[in-house]
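Participant: Let me begin by handing over the structure; questions about it come next.
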Amino acid sequence: MITKQKGCHDIYGDEAKKWKYVSNVIDAVCERYNYDFIRTPIFEASELYHRGIGEETDVVSKEMYDFKDKGDRSITLRPEGTAGVVRSFIENKMYGDATQPVKLYYNGTMYRYERPQSGRDRELTQFGVEVLGSDDPMIDAEVISLAVNIYRILGLKGIKVNINSLGDKESRDNYRKALVEHFMPHVDSLCEDCKVRLQKNPLRVLDCKVDADTEIMKNAPVMTDYLNEESKKRFEMVQKYLNLLDIDFEVNPSIVRGLDYYDHTVFEIEADIEGFGSQNVLGGGGRYNGLVSALGGPEVPGIGFAMGLGRLMLALEKEQVELPINNSLDAFVMYVSDTEKEYATTLVQELRMNGFSVETEYTNRGLKGQFKQADRLNSRFLIILNDTDLENNQVKIKNNKTKEEELVDIDYILYYLDEHLMSEDDADCDCGCSHEHEEGHECHCNGEGNCGCGNHCDCHSHEENE
RNA sequence: GCGGAAUUGGUGAAGUGGUUAACACGCCGGAUUGUGGCUCCGGUAUGCAUGGGUUCGAUCCCCAUAUUUCGCCCCA
């Protein structure tokens, strides 16, 4: 048997429906924030990541999925989304668009050559946003709040937002110098990795878990003390806007992020859920004012974040958040004889073309088996064909909930289904999301008929629940 | 890159160095002559991840590989 590759997953059935639902929420929220969808290639020239993410980062130095193509080009499966989006921004000269800043979002697979564990796969799906062309602290807060609001809308409660500022270049240079001065005298007591980091990227020494509990690490200078006036003021503004947006956060000076392109605001959103795996960072991001120019574009500031959808799913599952997934069918057409089957073929198509979700029998089951199949598929109506009825231009339609059965004229089928499905929905809700009707769920449509699910709804129960 | 645990039908799983690998669910068929969901009856693994080895004999013991899973490191 050929099996899937290590660290990859097949997503299907109800799980696939959940993913689709989450993607719909993401699309709906991004639309409200006016972010445009962008799709960039899954593979890029390796150099993009070497220059963009940073040679010394683990992501580049040991986790890249790279290979030579038949033209002997060095190709890499994208390990993250930002570099590709920024490349596209430059290549397509989006900095020349009239509508600045450029606000983009993506939702796609990334690849990292790692040893899989809970919350860590080789193929992972990330949703992320990038804002290019504004250095306003207000947009920093907006990006963070967008991420938080998506978690909120999905119903996830256990999240914690950590923010920090790496400051501008001057602040970072000063801090870097202070770090080197602090650690150099004790270089021998550091772990092997840190010795290298101290040379190439001293900030990341702070990230080290091996030496985390040592005295030198605890006494290490703190970034926030080295921010110059301008950077400090900027960081305060970000916090002010976050407060205005009602986002709970904590300033955590140890957040430095693993990718080299960040400056000023950096943040991580972690799962704060009992029993969650050790890979508990749900999302993270930050500002990267130097990245566009580093990749050959003009001096354009940027900020973004990415969240792992797989980890989000784990978190939702851990919190037992029930996502509203639609598993029902409008009608199941049943038949036995060949002439009935012929009519079934055309009827099914006609119903489908008129907007009904309809299934029929394809595996020669007897009637009994077809009833069972219709139940399994949660079909609301059963259309039972019978040669005698057909001769009278009639079909039997059975309501699978009330078990009532009626003979209906063929010309009347569409109207009949329309009417009966509508009246069913009055009691329920026809937005298809149904979460507002379940206990313990909040609806976010404000009675305007748009729940986070992106489906339109005009039932009244929304307002009552809100 | 390093370490621990696991792998038995469609599914959840019990189990043993020795003739027919429990049990449950599901599925299929029948009782029910074209109306199911309850009940009863019957059928559902030449097979215990793959490849070697030990043994008279291996699903069980040993080794390797693959995959899964949980950690370390790192990240989403």
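Naming works like this for the structure tokens: A, B, ... for the chains as they're shown, residue 1 at the start of each chain, ligands 1 onward in shown order.
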List every residue of chain B that has an atom at most 10 Å from any atom of chain A, and for each one report the closest atom pair and its distance in Å to one decimal, counting only C-alpha atoms (C1' of nucleotides), with rows sorted by chain and then by increasing residue number, as a Markdown table.

Facilitator:
```
| residue | atom | partner | partner_atom | distance |
| --- | --- | --- | --- | --- |
| B:G1 | C1' | A:Lys62 | CA | 8.9 |
| B:C28 | C1' | A:Gly369 | CA | 9.6 |
| B:G34 | C1' | A:Leu367 | CA | 7.1 |
| B:U35 | C1' | A:Lys368 | CA | 7.5 |
| B:G36 | C1' | A:Phe371 | CA | 4.9 |
| B:G37 | C1' | A:Lys372 | CA | 7.5 |
| B:A49 | C1' | A:Met1 | CA | 9.8 |
| B:U50 | C1' | A:Met1 | CA | 9.8 |
| B:A66 | C1' | A:Thr3 | CA | 9.1 |
| B:U67 | C1' | A:Lys6 | CA | 7.3 |
| B:U68 | C1' | A:Lys6 | CA | 9.0 |
| B:U69 | C1' | A:Gln117 | CA | 7.3 |
| B:C70 | C1' | A:Gln117 | CA | 6.7 |
| B:G71 | C1' | A:Gln117 | CA | 8.2 |
| B:C73 | C1' | A:Lys209 | CA | 8.7 |
| B:C74 | C1' | A:Asp58 | CA | 6.5 |
| B:C75 | C1' | A:Gly258 | CA | 7.4 |
| B:A76 | C1' | A:Gly308 | CA | 4.1 |
```

Participant: What is the distance, in Å and to one decimal place, between CA of Val292 in chain A and CA of Leu166 in chain A?

Facilitator: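 Interatomic distance here is 17.8 Å.
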
Participant: Could you please determine the separation between CA of Leu414 in chain A and CA of Ala331 in chain A in Å, to one decimal place?

Facilitator: 11.2 Å

Participant: Neighbouring residues of Lys68 in chain A were defined as those with any atom within 12 Å, considering only C-alpha atoms (C1' of nucleotides); residues of the same chain fewer than 2 positions away were excluded. Please report them as a ChimeraX atom specification.

Facilitator: /A:43-46,65-66,70-77

Participant: Any chance you could export the current selection's N, CA and C atoms as a CSV table (one decimal), in the first residue's frame?

Facilitator:
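To be explicit, this is the file written out as out_1.csv:
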```csv
chain,number,residue,atom,x,y,z
A,43,PHE,N,5.9,27.0,-4.7
A,43,PHE,CA,7.4,27.0,-4.7
A,43,PHE,C,8.0,28.3,-5.3
A,44,GLU,N,9.1,28.6,-4.7
A,44,GLU,CA,9.8,29.8,-5.1
A,44,GLU,C,11.3,29.5,-5.3
A,45,ALA,N,12.0,30.5,-5.8
A,45,ALA,CA,13.5,30.3,-5.8
A,45,ALA,C,14.0,30.3,-4.4
A,46,SER,N,14.9,29.4,-4.1
A,46,SER,CA,15.4,29.2,-2.7
A,46,SER,C,15.9,30.5,-2.2
A,65,TYR,N,12.3,22.6,2.6
A,65,TYR,CA,12.0,21.5,1.6
A,65,TYR,C,12.6,22.0,0.3
A,66,ASP,N,13.9,21.8,0.0
A,66,ASP,CA,14.3,22.3,-1.3
A,66,ASP,C,14.9,21.2,-2.2
A,70,LYS,N,14.6,20.4,-13.1
A,70,LYS,CA,15.3,19.9,-14.3
A,70,LYS,C,16.2,20.9,-14.9
A,71,GLY,N,15.9,22.2,-14.7
A,71,GLY,CA,16.8,23.2,-15.2
A,71,GLY,C,17.9,23.6,-14.3
A,72,ASP,N,18.1,22.7,-13.3
A,72,ASP,CA,19.1,22.9,-12.3
A,72,ASP,C,18.9,24.2,-11.4
A,73,ARG,N,17.7,24.6,-11.3
A,73,ARG,CA,17.4,25.8,-10.5
A,73,ARG,C,17.2,25.3,-9.0
A,74,SER,N,17.6,26.1,-8.1
A,74,SER,CA,17.3,25.8,-6.7
A,74,SER,C,15.9,26.2,-6.3
A,75,ILE,N,15.1,25.3,-6.0
A,75,ILE,CA,13.7,25.6,-5.7
A,75,ILE,C,13.3,25.2,-4.3
A,76,THR,N,12.5,26.0,-3.6
A,76,THR,CA,12.1,25.6,-2.3
A,76,THR,C,10.5,25.7,-2.1
A,77,LEU,N,10.0,24.7,-1.5
A,77,LEU,CA,8.6,24.7,-1.2
A,77,LEU,C,8.4,25.7,-0.1
```

Participant: Go through range 286-379 of chain A and collect every residue that DSSP, computed from the backbone, puts in alpha helix (DSSP H); the answer should be as a ChimeraX atom specification.

Facilitator: /A:291-294,309-318,338-353,367-376

Participant: For CA of Gly275 in chain A and CA of Arg204 in chain A, quote the distance in Å rounded to one decimal.

Facilitator: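 Value for the CA of Gly275 in chain A-CA of Arg204 in chain A distance: 27.9 Å.
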
Participant: When DSSP works through the backbone of this structure, what residues of range 314-357 of chain A end up as strand (DSSP E or B), shown as a list in words?

Facilitator: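 For range 314-357 of chain A, the strand (DSSP E or B) set is Leu329, Asp330, Ala331, Phe332, Val333 and Met334 of chain A.
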
Participant: Please save N, CA and C atoms of the selected residues as an mmCIF file, in the first residue's frame.

Facilitator:
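File written: again-v8.cif
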```cif
data_model
loop_
_atom_site.group_PDB
_atom_site.id
_atom_site.type_symbol
_atom_site.label_atom_id
_atom_site.label_comp_id
_atom_site.auth_asym_id
_atom_site.auth_seq_id
_atom_site.Cartn_x
_atom_site.Cartn_y
_atom_site.Cartn_z
ATOM 1 N N LEU A 329 -29.422 16.751 3.435
ATOM 2 C CA LEU A 329 -29.732 16.658 2.020
ATOM 3 C C LEU A 329 -31.201 17.053 1.881
ATOM 4 N N ASP A 330 -31.556 17.733 0.811
ATOM 5 C CA ASP A 330 -32.962 18.090 0.648
ATOM 6 C C ASP A 330 -33.803 16.867 0.318
ATOM 7 N N ALA A 331 -33.322 16.060 -0.602
ATOM 8 C CA ALA A 331 -34.151 14.917 -1.009
ATOM 9 C C ALA A 331 -33.306 13.756 -1.501
ATOM 10 N N PHE A 332 -33.858 12.552 -1.310
ATOM 11 C CA PHE A 332 -33.240 11.343 -1.826
ATOM 12 C C PHE A 332 -34.267 10.675 -2.739
ATOM 13 N N VAL A 333 -33.862 10.425 -3.979
ATOM 14 C CA VAL A 333 -34.800 9.832 -4.949
ATOM 15 C C VAL A 333 -34.588 8.318 -4.991
ATOM 16 N N MET A 334 -35.674 7.571 -4.704
ATOM 17 C CA MET A 334 -35.587 6.111 -4.623
ATOM 18 C C MET A 334 -36.326 5.463 -5.784
#
```

Participant: Tell me, as a count of residues only, which residues lie within 12 Å of C23 in chain B, counting only C-alpha atoms (C1' of nucleotides); anything in the same chain fewer than 6 positions away does not count.

Facilitator: 4
